[in-house]
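*Asks:* File follows, target.tsv with TSV, C-alpha atoms:
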chain	number	residue	atom	x	y	z
A	1	MET	CA	204.22	140.66	61.74
A	2	ILE	CA	204.22	140.86	65.50
A	3	GLN	CA	203.51	137.57	67.28
A	4	THR	CA	201.93	137.51	70.70
A	5	ASN	CA	202.75	133.88	71.49
A	6	ASP	CA	206.08	134.75	73.17
A	7	LEU	CA	204.64	137.49	75.34
A	8	PRO	CA	204.54	136.58	79.03
A	9	ILE	CA	201.11	136.10	80.53
A	10	VAL	CA	200.70	137.85	83.83
A	11	PRO	CA	197.86	136.34	85.90
A	12	LEU	CA	195.27	138.79	87.12
A	13	PRO	CA	194.21	138.24	90.71
A	14	ASP	CA	190.50	138.09	91.51
A	15	THR	CA	189.45	138.55	87.88
A	16	PRO	CA	185.69	138.14	87.28
A	17	GLU	CA	184.59	135.15	85.26
A	18	SER	CA	183.30	137.27	82.37
A	19	GLU	CA	186.61	139.07	82.10
A	20	LYS	CA	188.50	135.76	82.25
A	21	ALA	CA	186.32	134.37	79.47
A	22	ALA	CA	186.94	137.44	77.32
A	23	PHE	CA	190.66	137.23	78.04
A	24	GLU	CA	190.79	133.52	77.14
A	25	ALA	CA	188.95	134.27	73.86
A	26	PHE	CA	191.79	136.52	72.72
A	27	LYS	CA	194.59	134.38	74.17
A	28	GLY	CA	197.00	133.05	71.56
A	29	LEU	CA	195.70	135.34	68.76
A	30	SER	CA	197.85	137.59	66.69
A	31	LEU	CA	197.22	141.31	66.54
A	32	ASP	CA	195.56	141.00	63.13
A	33	ASP	CA	193.32	138.18	64.37
A	34	THR	CA	192.48	140.18	67.48
A	35	LEU	CA	191.49	143.24	65.45
A	36	THR	CA	189.53	141.04	63.05
A	37	LYS	CA	187.68	139.40	65.94
A	38	ILE	CA	186.92	142.78	67.49
A	39	ALA	CA	185.66	144.10	64.14
A	40	ASN	CA	183.48	141.02	63.65
A	41	SER	CA	182.05	141.45	67.15
A	42	MET	CA	181.26	145.09	66.47
A	43	VAL	CA	179.62	144.22	63.16
A	44	ASP	CA	177.62	141.45	64.84
A	45	PHE	CA	176.52	143.85	67.62
A	46	ALA	CA	175.62	146.54	65.08
A	47	PHE	CA	173.58	143.98	63.13
A	48	LYS	CA	171.75	142.94	66.32
A	49	LEU	CA	171.20	146.57	67.24
A	50	LEU	CA	169.76	147.25	63.79
A	51	ILE	CA	167.43	144.27	64.14
A	52	ALA	CA	166.43	145.48	67.64
A	53	ILE	CA	165.58	148.94	66.29
A	54	LEU	CA	163.58	147.37	63.48
A	55	VAL	CA	161.74	145.12	65.95
A	56	PHE	CA	161.01	148.14	68.14
A	57	TYR	CA	159.31	150.09	65.36
A	58	VAL	CA	157.46	147.02	64.07
A	59	GLY	CA	156.42	146.12	67.61
A	60	ARG	CA	155.21	149.65	68.28
A	61	PHE	CA	153.16	149.51	65.09
A	62	ILE	CA	151.64	146.17	66.14
A	63	ILE	CA	150.92	147.50	69.65
A	64	ARG	CA	149.06	150.47	68.18
A	65	LYS	CA	147.02	148.16	65.97
A	66	LEU	CA	146.22	145.84	68.88
A	67	TYR	CA	145.33	148.85	71.03
A	68	ALA	CA	142.96	150.15	68.35
A	69	MET	CA	141.47	146.67	67.88
A	70	VAL	CA	140.83	146.21	71.61
A	71	HIS	CA	139.35	149.72	71.81
A	72	LYS	CA	137.05	149.04	68.85
A	73	LEU	CA	136.02	145.68	70.30
A	74	MET	CA	135.15	147.16	73.70
A	75	ILE	CA	133.22	150.03	72.12
A	76	GLY	CA	131.34	147.58	69.91
A	77	ARG	CA	130.46	145.44	72.92
A	78	HIS	CA	129.21	148.55	74.78
A	79	VAL	CA	131.66	148.00	77.63
A	80	ASP	CA	131.49	150.57	80.42
A	81	PRO	CA	133.70	153.58	79.53
A	82	SER	CA	135.36	153.43	82.95
A	83	LEU	CA	136.48	149.83	82.38
A	84	THR	CA	137.47	150.64	78.81
A	85	THR	CA	140.01	153.32	79.75
A	86	PHE	CA	141.43	151.16	82.55
A	87	VAL	CA	141.87	148.04	80.38
A	88	LEU	CA	143.38	150.01	77.51
A	89	SER	CA	145.98	151.58	79.81
A	90	LEU	CA	146.84	148.16	81.27
A	91	VAL	CA	147.09	146.53	77.81
A	92	ARG	CA	149.44	149.22	76.58
A	93	MET	CA	151.76	148.85	79.58
A	94	VAL	CA	151.90	145.03	79.31
A	95	LEU	CA	152.55	145.05	75.56
A	96	TYR	CA	155.35	147.61	75.85
A	97	PHE	CA	156.94	145.58	78.65
A	98	ILE	CA	156.92	142.46	76.44
A	99	LEU	CA	158.44	144.49	73.60
A	100	ILE	CA	161.26	145.73	75.83
A	101	ILE	CA	162.05	142.19	77.01
A	102	THR	CA	162.13	141.01	73.39
A	103	ILE	CA	164.52	143.79	72.36
A	104	VAL	CA	166.83	143.03	75.29
A	105	GLY	CA	166.96	139.39	74.21
A	106	ILE	CA	167.76	140.34	70.60
A	107	ILE	CA	170.64	142.57	71.65
A	108	GLY	CA	172.18	139.62	73.47
A	109	LEU	CA	171.68	140.41	77.10
A	110	GLU	CA	170.62	137.62	79.41
A	111	THR	CA	166.83	137.84	79.70
A	112	SER	CA	166.72	135.83	82.91
A	113	SER	CA	169.25	138.12	84.54
A	114	PHE	CA	167.36	141.11	83.26
A	115	LEU	CA	164.09	139.76	84.65
A	116	ALA	CA	165.73	139.04	88.00
A	117	LEU	CA	167.15	142.55	88.03
A	118	PHE	CA	163.77	143.94	87.06
A	119	ALA	CA	162.08	141.94	89.82
A	120	SER	CA	164.56	143.19	92.41
A	121	ALA	CA	164.16	146.73	91.18
A	122	GLY	CA	160.40	146.23	91.22
A	123	VAL	CA	160.46	145.24	94.87
A	124	ALA	CA	162.59	148.26	95.76
A	125	ILE	CA	160.47	150.61	93.67
A	126	GLY	CA	157.29	149.06	95.09
A	127	MET	CA	158.46	149.78	98.63
A	128	ALA	CA	159.39	153.33	97.65
A	129	LEU	CA	156.18	153.88	95.68
A	130	SER	CA	153.71	152.22	98.02
A	131	GLY	CA	151.33	155.09	97.44
A	132	THR	CA	151.37	154.42	93.69
A	133	LEU	CA	150.52	150.76	94.27
A	134	GLN	CA	147.74	151.90	96.56
A	135	ASN	CA	146.42	154.03	93.72
A	136	PHE	CA	146.53	151.00	91.41
A	137	ALA	CA	144.57	148.92	93.92
A	138	GLY	CA	142.16	151.82	94.32
A	139	GLY	CA	141.60	151.90	90.58
A	140	VAL	CA	140.78	148.20	90.55
A	141	LEU	CA	138.32	148.66	93.44
A	142	ILE	CA	136.66	151.59	91.68
A	143	LEU	CA	136.12	149.51	88.54
A	144	LEU	CA	134.77	146.58	90.55
A	145	LEU	CA	132.51	148.47	92.96
A	146	LYS	CA	131.62	151.28	90.51
A	147	PRO	CA	130.98	154.15	92.97
A	148	TYR	CA	131.06	156.38	89.89
A	149	ARG	CA	131.38	156.06	86.13
A	150	VAL	CA	132.67	158.16	83.28
A	151	GLY	CA	130.22	161.02	82.77
A	152	ASP	CA	129.03	161.20	86.40
A	153	TYR	CA	129.19	164.48	88.30
A	154	ILE	CA	130.94	163.80	91.61
A	155	GLU	CA	132.36	165.70	94.56
A	156	ALA	CA	135.42	164.19	96.27
A	157	GLN	CA	138.73	165.24	97.80
A	158	GLY	CA	137.60	168.87	97.83
A	159	TYR	CA	136.83	168.98	94.09
A	160	ALA	CA	133.62	168.70	92.10
A	161	GLY	CA	133.27	167.97	88.40
A	162	THR	CA	132.37	165.50	85.67
A	163	VAL	CA	134.40	162.29	85.47
A	164	GLY	CA	136.31	162.29	82.18
A	165	GLU	CA	138.61	159.28	82.54
A	166	ILE	CA	139.38	156.52	85.03
A	167	GLN	CA	143.03	155.57	84.55
A	168	ILE	CA	145.09	152.92	86.31
A	169	PHE	CA	146.47	155.25	88.97
A	170	HIS	CA	144.22	158.31	88.88
A	171	THR	CA	140.84	159.69	87.88
A	172	VAL	CA	140.46	162.78	85.71
A	173	ILE	CA	137.52	165.13	86.33
A	174	ASN	CA	136.55	168.34	84.56
A	175	THR	CA	135.16	171.12	86.75
A	176	PRO	CA	132.21	173.27	85.61
A	177	ASP	CA	134.66	176.07	84.69
A	178	ASN	CA	136.60	173.55	82.53
A	179	LYS	CA	139.56	172.86	84.79
A	180	ARG	CA	141.19	169.44	84.47
A	181	ILE	CA	141.71	167.90	87.92
A	182	ILE	CA	143.71	164.67	88.41
A	183	ILE	CA	142.86	162.83	91.64
A	184	PRO	CA	144.74	159.68	92.81
A	185	ASN	CA	142.56	156.57	92.96
A	186	GLY	CA	143.85	155.60	96.42
A	187	GLY	CA	142.10	158.47	98.16
A	188	LEU	CA	138.96	158.04	96.05
A	189	SER	CA	138.65	154.35	96.94
A	190	THR	CA	138.95	154.98	100.69
A	191	GLY	CA	137.37	158.44	101.03
A	192	SER	CA	133.83	159.74	100.78
A	193	ILE	CA	132.36	160.49	97.35
A	194	ASN	CA	129.23	162.49	96.62
A	195	ASN	CA	127.85	161.22	93.31
A	196	TYR	CA	125.17	163.58	92.01
A	197	SER	CA	124.43	161.45	88.93
A	198	THR	CA	123.42	158.22	90.65
A	199	GLU	CA	119.78	159.16	91.25
A	200	ASN	CA	117.53	160.34	88.43
A	201	TYR	CA	115.52	162.72	90.64
A	202	ARG	CA	116.71	165.31	93.14
A	203	ARG	CA	115.10	167.79	95.52
A	204	VAL	CA	115.57	171.51	94.94
A	205	ASP	CA	115.50	173.80	98.01
A	206	TRP	CA	114.84	177.54	98.23
A	207	THR	CA	114.61	179.98	101.15
A	208	ILE	CA	112.20	182.89	100.65
A	209	SER	CA	112.07	185.81	103.10
A	210	LEU	CA	108.83	187.77	103.43
A	211	SER	CA	107.69	190.58	105.73
A	212	TYR	CA	105.83	189.96	109.01
A	213	ASP	CA	102.51	191.26	107.66
A	214	THR	CA	102.39	188.35	105.17
A	215	ASP	CA	99.45	185.96	105.17
A	216	PHE	CA	101.33	182.65	105.38
A	217	ASN	CA	98.54	180.49	103.91
A	218	ALA	CA	98.12	182.83	100.95
A	219	ALA	CA	101.88	182.93	100.37
A	220	ARG	CA	102.10	179.15	100.61
A	221	GLU	CA	99.35	178.67	98.03
A	222	ALA	CA	100.88	181.23	95.66
A	223	ILE	CA	104.33	179.66	95.81
A	224	ILE	CA	102.95	176.13	95.21
A	225	ASN	CA	100.98	177.39	92.21
A	226	LEU	CA	104.11	178.98	90.76
A	227	LEU	CA	105.98	175.68	91.18
A	228	LEU	CA	103.23	173.54	89.65
A	229	ALA	CA	103.06	175.88	86.66
A	230	ASP	CA	106.52	174.63	85.66
A	231	ASP	CA	106.44	171.28	83.82
A	232	ARG	CA	109.79	170.29	85.28
A	233	VAL	CA	108.39	170.03	88.82
A	234	VAL	CA	107.09	166.66	90.02
A	235	VAL	CA	103.39	167.11	90.79
A	236	LYS	CA	103.04	164.27	93.32
A	237	TYR	CA	104.74	160.95	92.46
A	238	VAL	CA	108.04	160.38	90.71
A	239	GLU	CA	106.63	157.34	88.90
A	240	ASP	CA	103.93	159.48	87.29
A	241	ASP	CA	106.53	162.01	86.20
A	242	ILE	CA	108.63	159.23	84.63
A	243	ALA	CA	105.60	158.05	82.66
A	244	LYS	CA	104.87	161.63	81.59
A	245	ARG	CA	108.43	162.19	80.44
A	246	GLY	CA	108.40	158.89	78.53
A	247	LEU	CA	105.14	159.82	76.83
A	248	ALA	CA	106.52	163.26	75.92
A	249	ALA	CA	109.66	161.66	74.45
A	250	GLU	CA	107.51	159.24	72.44
A	251	VAL	CA	105.38	162.11	71.11
A	252	ALA	CA	108.55	164.03	70.17
A	253	ARG	CA	109.95	161.01	68.30
A	254	GLU	CA	106.67	160.50	66.46
A	255	ALA	CA	106.56	164.19	65.49
A	256	GLU	CA	110.15	163.97	64.24
A	257	ARG	CA	109.27	160.87	62.24
A	258	LYS	CA	106.25	162.56	60.61
A	259	GLU	CA	108.30	165.64	59.80
A	260	ALA	CA	110.99	163.49	58.21
A	261	LEU	CA	108.38	161.69	56.09
A	262	GLU	CA	106.83	164.96	54.97
A	263	HIS	CA	110.19	166.34	53.84
A	264	GLY	CA	111.31	163.07	52.28
A	265	ASP	CA	114.26	162.68	54.61
A	266	THR	CA	115.82	159.34	55.41
A	267	LEU	CA	114.51	157.81	58.60
A	268	PRO	CA	116.89	156.52	61.26
A	269	GLU	CA	117.81	152.91	60.76
A	270	GLU	CA	115.56	150.50	62.62
A	271	GLU	CA	117.01	148.09	65.14
A	272	ASP	CA	118.49	145.00	63.56
A	273	LEU	CA	116.22	142.19	64.75
A	274	SER	CA	117.90	139.45	62.75
A	275	ALA	CA	118.74	136.31	64.68
A	276	PRO	CA	122.30	136.26	66.05
A	277	THR	CA	124.63	133.63	64.63
A	278	THR	CA	126.98	133.02	67.58
A	279	TRP	CA	126.11	131.19	70.80
A	280	TRP	CA	127.05	134.27	72.84
A	281	GLY	CA	124.81	136.44	70.69
A	282	ARG	CA	121.91	134.01	71.12
A	283	LEU	CA	122.46	133.94	74.89
A	284	THR	CA	122.53	137.74	75.24
A	285	GLU	CA	119.58	138.12	72.89
A	286	SER	CA	117.56	135.70	75.02
A	287	HIS	CA	118.43	137.74	78.12
A	288	ARG	CA	117.41	141.00	76.43
A	289	HIS	CA	114.18	139.39	75.23
A	290	LYS	CA	113.29	138.39	78.80
A	291	LYS	CA	113.98	141.93	80.02
A	292	ARG	CA	111.75	143.39	77.28
A	293	ARG	CA	108.93	141.03	78.19
A	294	MET	CA	109.23	141.93	81.88
A	295	ALA	CA	109.26	145.65	81.09
A	296	LYS	CA	106.20	145.24	78.88
A	297	ALA	CA	104.35	143.31	81.61
A	298	LEU	CA	105.17	145.98	84.22
A	299	LYS	CA	104.03	148.70	81.83
A	300	GLU	CA	100.69	146.98	81.26
A	301	ASN	CA	100.21	146.20	84.96
A	302	PRO	CA	102.21	148.53	87.27
A	303	ALA	CA	100.86	146.69	90.32
A	304	LEU	CA	103.27	143.84	89.54
A	305	SER	CA	106.23	146.07	90.35
A	306	PRO	CA	107.87	145.31	93.74
A	307	THR	CA	107.98	149.06	94.40
A	308	ALA	CA	104.35	149.65	93.48
A	309	GLN	CA	103.38	149.94	97.16
A	310	GLN	CA	106.31	152.21	98.01
A	311	ARG	CA	105.24	155.34	96.16
A	312	VAL	CA	106.41	158.41	98.10
A	313	ASP	CA	104.64	161.74	97.95
A	314	ARG	CA	107.00	164.22	96.27
A	315	ALA	CA	104.56	167.14	95.96
A	316	PRO	CA	105.97	170.68	96.40
A	317	PHE	CA	106.34	171.74	100.02
A	318	VAL	CA	106.27	175.18	101.66
A	319	GLY	CA	106.84	175.59	105.39
A	320	LEU	CA	107.57	178.35	107.89
A	321	ASN	CA	111.20	177.75	108.82
A	322	GLU	CA	112.20	180.76	110.95
A	323	MET	CA	110.84	183.96	112.43
A	324	ALA	CA	113.88	186.21	112.16
A	325	ASP	CA	114.46	189.81	113.32
A	326	SER	CA	112.65	191.58	110.49
A	327	ARG	CA	111.34	188.77	108.28
A	328	ILE	CA	109.88	185.30	108.17
A	329	ASN	CA	111.85	182.67	106.25
A	330	LEU	CA	109.91	180.13	104.21
A	331	THR	CA	111.47	176.81	103.20
A	332	VAL	CA	110.40	175.75	99.70
A	333	ARG	CA	111.08	172.30	98.32
A	334	ALA	CA	110.29	170.65	94.99
A	335	TRP	CA	111.45	167.51	93.17
A	336	THR	CA	112.65	167.41	89.58
A	337	HIS	CA	114.72	165.30	87.22
A	338	SER	CA	118.46	165.61	87.86
A	339	SER	CA	119.06	167.06	84.41
A	340	ASN	CA	116.74	169.99	85.28
A	341	TYR	CA	118.17	170.74	88.74
A	342	TRP	CA	120.12	173.96	88.14
A	343	GLY	CA	117.80	175.22	85.41
A	344	LEU	CA	114.79	174.92	87.72
A	345	PHE	CA	116.69	176.44	90.65
A	346	TYR	CA	117.69	179.64	88.85
A	347	ASP	CA	114.47	179.99	86.86
A	348	MET	CA	112.31	179.74	89.97
A	349	ASN	CA	114.51	182.26	91.78
A	350	ALA	CA	113.74	184.74	89.01
A	351	THR	CA	110.05	183.78	89.07
A	352	PHE	CA	109.73	184.28	92.84
A	353	PHE	CA	111.49	187.66	92.62
A	354	SER	CA	109.26	188.97	89.83
A	355	ARG	CA	105.88	187.36	90.54
A	356	LEU	CA	105.51	187.46	94.34
A	357	PRO	CA	105.48	191.30	94.54
A	358	GLU	CA	102.85	191.32	91.80
A	359	MET	CA	100.70	189.07	94.01
A	360	GLY	CA	100.92	191.50	96.94
A	361	PHE	CA	103.80	189.97	98.89
A	362	SER	CA	106.74	192.13	99.91
A	363	PHE	CA	110.35	191.30	100.58
A	364	PRO	CA	111.51	192.86	103.88
A	365	PHE	CA	114.37	195.23	104.51
A	366	PRO	CA	116.35	195.31	107.79
A	367	GLN	CA	114.29	197.24	110.36
A	368	LEU	CA	115.05	198.66	113.79
A	369	ASP	CA	112.36	199.91	116.17
A	370	VAL	CA	113.51	202.65	118.61
A	371	HIS	CA	111.33	203.32	121.70
A	372	LEU	CA	111.82	206.52	123.78
A	373	ASP	CA	110.92	206.67	127.45
A	374	ALA	CA	108.72	209.76	127.93
A	375	ALA	CA	109.52	210.06	131.66
A	376	SER	CA	113.24	210.44	131.05
A	377	ALA	CA	112.88	212.72	128.03
A	378	PRO	CA	113.62	216.49	128.61
A	379	THR	CA	110.44	218.58	129.07
A	380	ASP	CA	111.70	222.10	128.31
A	381	ALA	CA	114.64	223.91	126.78
A	382	LYS	CA	116.30	224.53	130.14
A	383	SER	CA	116.38	220.89	131.15
A	384	SER	CA	117.45	219.87	127.66
A	385	SER	CA	120.40	222.27	127.82
A	386	LEU	CA	121.56	220.65	131.02
As C-alpha cells, what does this structure read like?

*Replies:*
Amino acid sequence: MIQTNDLPIVPLPDTPESEKAAFEAFKGLSLDDTLTKIANSMVDFAFKLLIAILVFYVGRFIIRKLYAMVHKLMIGRHVDPSLTTFVLSLVRMVLYFILIITIVGIIGLETSSFLALFASAGVAIGMALSGTLQNFAGGVLILLLKPYRVGDYIEAQGYAGTVGEIQIFHTVINTPDNKRIIIPNGGLSTGSINNYSTENYRRVDWTISLSYDTDFNAAREAIINLLLADDRVVVKYVEDDIAKRGLAAEVAREAERKEALEHGDTLPEEEDLSAPTTWWGRLTESHRHKKRRMAKALKENPALSPTAQQRVDRAPFVGLNEMADSRINLTVRAWTHSSNYWGLFYDMNATFFSRLPEMGFSFPFPQLDVHLDAASAPTDAKSSSL
C-alpha cells in the first residue's frame, strides 16, 4: 500500500481559501481513503441532485395546482379579466423563483451568495433592460387606471383590435382580420389610446352626394325617414333608447321562458338569494342590495337621476356640407348603440343607394360645361381652313 505521509508538501502561493480547505481535507489520507472520500462525496452529491430533481417536479406540480386554484378563485370572485391575467403571470414567476432558490439550497450551494449574485445580476440586467422594466411599470399603471380592459376594441401604436390579454410586460390584441399583435405596455401607458368600447352609444356619419337639381328639403326629409325606419337608430334621446332596448330584452326573455314552459324544457336556474354565511359575503350583499334599491328608485322616478336634466338631443341630422364642382354633399349623422355601429353603417349605405333613386333623387356624375365664343368661331369654310 502506498503511503502519502512521507510525501513532501509543497506550499501553493496565493491559494484561494476554498482550495486550501479542500486540500486540507485530503491531507494525511492514504490513496484508498482519498478515493473512498471522493466516492462518498460523489454519492452524496448524486443523492442531493436526485432529491433536487424530485423537488423540482413536485414543486412544479404544486405550482400548477396553486396557479389553477388562484385562477379558479379569481374567476369565482368575478375579478376583472385584465387583472386576472396580470396576477396569474406574476404568481407564476414568483413561485418558480422560490422553487429555483429551494433547489439551489438542496444541491448545497450557498443561498446567500446566490441571492447576492442574483441581486447584482438583477441590477446589471435592470440597467440593460430599462425598457422592459418600463413595460412592467406600464402594465401596473394600466391595471390601476384601466384605460382599457380585456374585450375592449382599441386603437393604439398604429394598430386596432380587440384586447385579448394584458400580461406583465405587454398587451395582446387581435385585429379584425385575426392577426395577433403584441404591444409593449410602456408605450401604451404613456401614449394615446382610442378606446371604442368605453361608451355604449356612438355617432355614425355618412356623406351623400346628390345632383344640383335636388330639392334639399325633400332630400333631407327622405333621408331622415329612412333612418328612423331602422330600429337601431336613436329617435331623439339616448335614455329613451336604453329603456326601449331594456324592454325589448325583457320581452325576449319572457317569450323564451314561455316557449321553454310549453316544450317542457328546464328553465335557467334562478339567482341564489340565500343569505351569505361569511362576513365578506354579508358586506357585499348589503352593498348590492343598496344598488338594487337605488336602481329601482331611479326606474320608478327618473327625475331623481343627477343626469335627468342633461338629456341631449340625438335625433338624426342632415345638413348641406359642401357645394362641389358637379354635386352637393350632404352630411348625415345618426346615433346608435356601439354594438350596431358597423351593421348600421353598411346597411344604410345600401339603403341610400337603392331607395333614394326610387324617390326621385339622382347621384351625379362628373360634368364639364364647355362654352364657345361665337365672335371668335370661324364663319365659313375659307376662314376655317386658315

*Asks:* Tell me, as a PDB file with C-alpha atoms, in the frame of the given file, which residues lie within 8 Å of range 344-357 of chain A, counting only C-alpha atoms; anything in the same chain fewer than 5 positions away does not count.

*Replies:*
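Listing of part36.pdb after writing:
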ATOM      1  CA  VAL A 204     115.570 171.510  94.940  1.00  0.00           C
ATOM      2  CA  ASP A 205     115.500 173.800  98.010  1.00  0.00           C
ATOM      3  CA  TRP A 206     114.840 177.540  98.230  1.00  0.00           C
ATOM      4  CA  ALA A 222     100.880 181.230  95.660  1.00  0.00           C
ATOM      5  CA  ILE A 223     104.330 179.660  95.810  1.00  0.00           C
ATOM      6  CA  LEU A 226     104.110 178.980  90.760  1.00  0.00           C
ATOM      7  CA  LEU A 227     105.980 175.680  91.180  1.00  0.00           C
ATOM      8  CA  ARG A 232     109.790 170.290  85.280  1.00  0.00           C
ATOM      9  CA  SER A 362     106.740 192.130  99.910  1.00  0.00           C
ATOM     10  CA  PHE A 363     110.350 191.300 100.580  1.00  0.00           C
TER      11      PHE A 363
END

*Asks:* Suppose you want the space between CA of Val233 in chain A and CA of Trp335 in chain A; what is it in Å?

*Replies:* 5.9 Å

*Asks:* Looking at all atoms listed in the file, which of A:Val79, A:Leu320, A:Ile62, A:Ile208 is the one that sits closest to Leu143 in chain A?

*Replies:*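 Of A:Val79, A:Leu320, A:Ile62, A:Ile208, the one nearest Leu143 in chain A, counting all atoms listed in the file, is A:Val79.
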
*Asks:* Choose the residue, out of A:Arg220, A:Arg203, A:Lys179, A:Lys72, that has the smallest atom-to-atom separation from Met359 in chain A; count only C-alpha atoms.

*Replies:*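 Smallest distance to Met359 in chain A is found for A:Arg220.
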
*Asks:* Would you mind telling me which residue in A:Tyr96, A:Ile183, A:Gly164, A:Asp177 lies nearest to Val58 in chain A when using only C-alpha atoms?

*Replies:* A:Tyr96

*Asks:* Quick one: pull the distance between CA of His371 in chain A and CA of Leu330 in chain A, Å, one decimal.

*Replies:* 29.1 Å

*Asks:* With all atoms listed in the file as the basis for distance, which of A:Lys37, A:Gly108, A:Leu95, A:Ala243 is at the shortest distance from Leu49 in chain A?

*Replies:*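 So, comparing all the options, the nearest one is A:Gly108.
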
*Asks:* If I take CA of Val332 in chain A and CA of Phe317 in chain A, how far is one from the other in Å, to one decimal?

*Replies:*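 So the answer is 5.7 Å.
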
*Asks:* So, with all atoms listed in the file as the atoms that count, which of A:Leu210, A:Val91, A:Ala156, A:Leu141 lies closest to Asn321 in chain A?

*Replies:*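 Ranking A:Leu210, A:Val91, A:Ala156, A:Leu141 by distance to Asn321 in chain A, first place goes to A:Leu210.
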
*Asks:* Counting only C-alpha atoms, which residue out of A:Leu372, A:Ile51, A:Val43, A:Ile173 sits closest to Glu155 in chain A?

*Replies:*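 Going through A:Leu372, A:Ile51, A:Val43, A:Ile173 one by one, the smallest distance to Glu155 in chain A is for A:Ile173.
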
*Asks:* Please return as JSON, numbers by chain every residue within 9 Å of (137.3, 149.9, 82.7), taking into account only C-alpha atoms and the file's own coordinates.

*Replies:* {"A": [79, 80, 81, 82, 83, 84, 85, 86, 87, 88, 140, 143, 144, 166, 167]}

*Asks:* Print the selection's residues with C-alpha atoms to a file, as a PDB file, keeping the file's coordinate frame.

*Replies:*
ATOM      1  CA  VAL A  79     131.660 148.000  77.630  1.00  0.00           C
ATOM      2  CA  ASP A  80     131.490 150.570  80.420  1.00  0.00           C
ATOM      3  CA  PRO A  81     133.700 153.580  79.530  1.00  0.00           C
ATOM      4  CA  SER A  82     135.360 153.430  82.950  1.00  0.00           C
ATOM      5  CA  LEU A  83     136.480 149.830  82.380  1.00  0.00           C
ATOM      6  CA  THR A  84     137.470 150.640  78.810  1.00  0.00           C
ATOM      7  CA  THR A  85     140.010 153.320  79.750  1.00  0.00           C
ATOM      8  CA  PHE A  86     141.430 151.160  82.550  1.00  0.00           C
ATOM      9  CA  VAL A  87     141.870 148.040  80.380  1.00  0.00           C
ATOM     10  CA  LEU A  88     143.380 150.010  77.510  1.00  0.00           C
ATOM     11  CA  VAL A 140     140.780 148.200  90.550  1.00  0.00           C
ATOM     12  CA  LEU A 143     136.120 149.510  88.540  1.00  0.00           C
ATOM     13  CA  LEU A 144     134.770 146.580  90.550  1.00  0.00           C
ATOM     14  CA  ILE A 166     139.380 156.520  85.030  1.00  0.00           C
ATOM     15  CA  GLN A 167     143.030 155.570  84.550  1.00  0.00           C
TER      16      GLN A 167
END
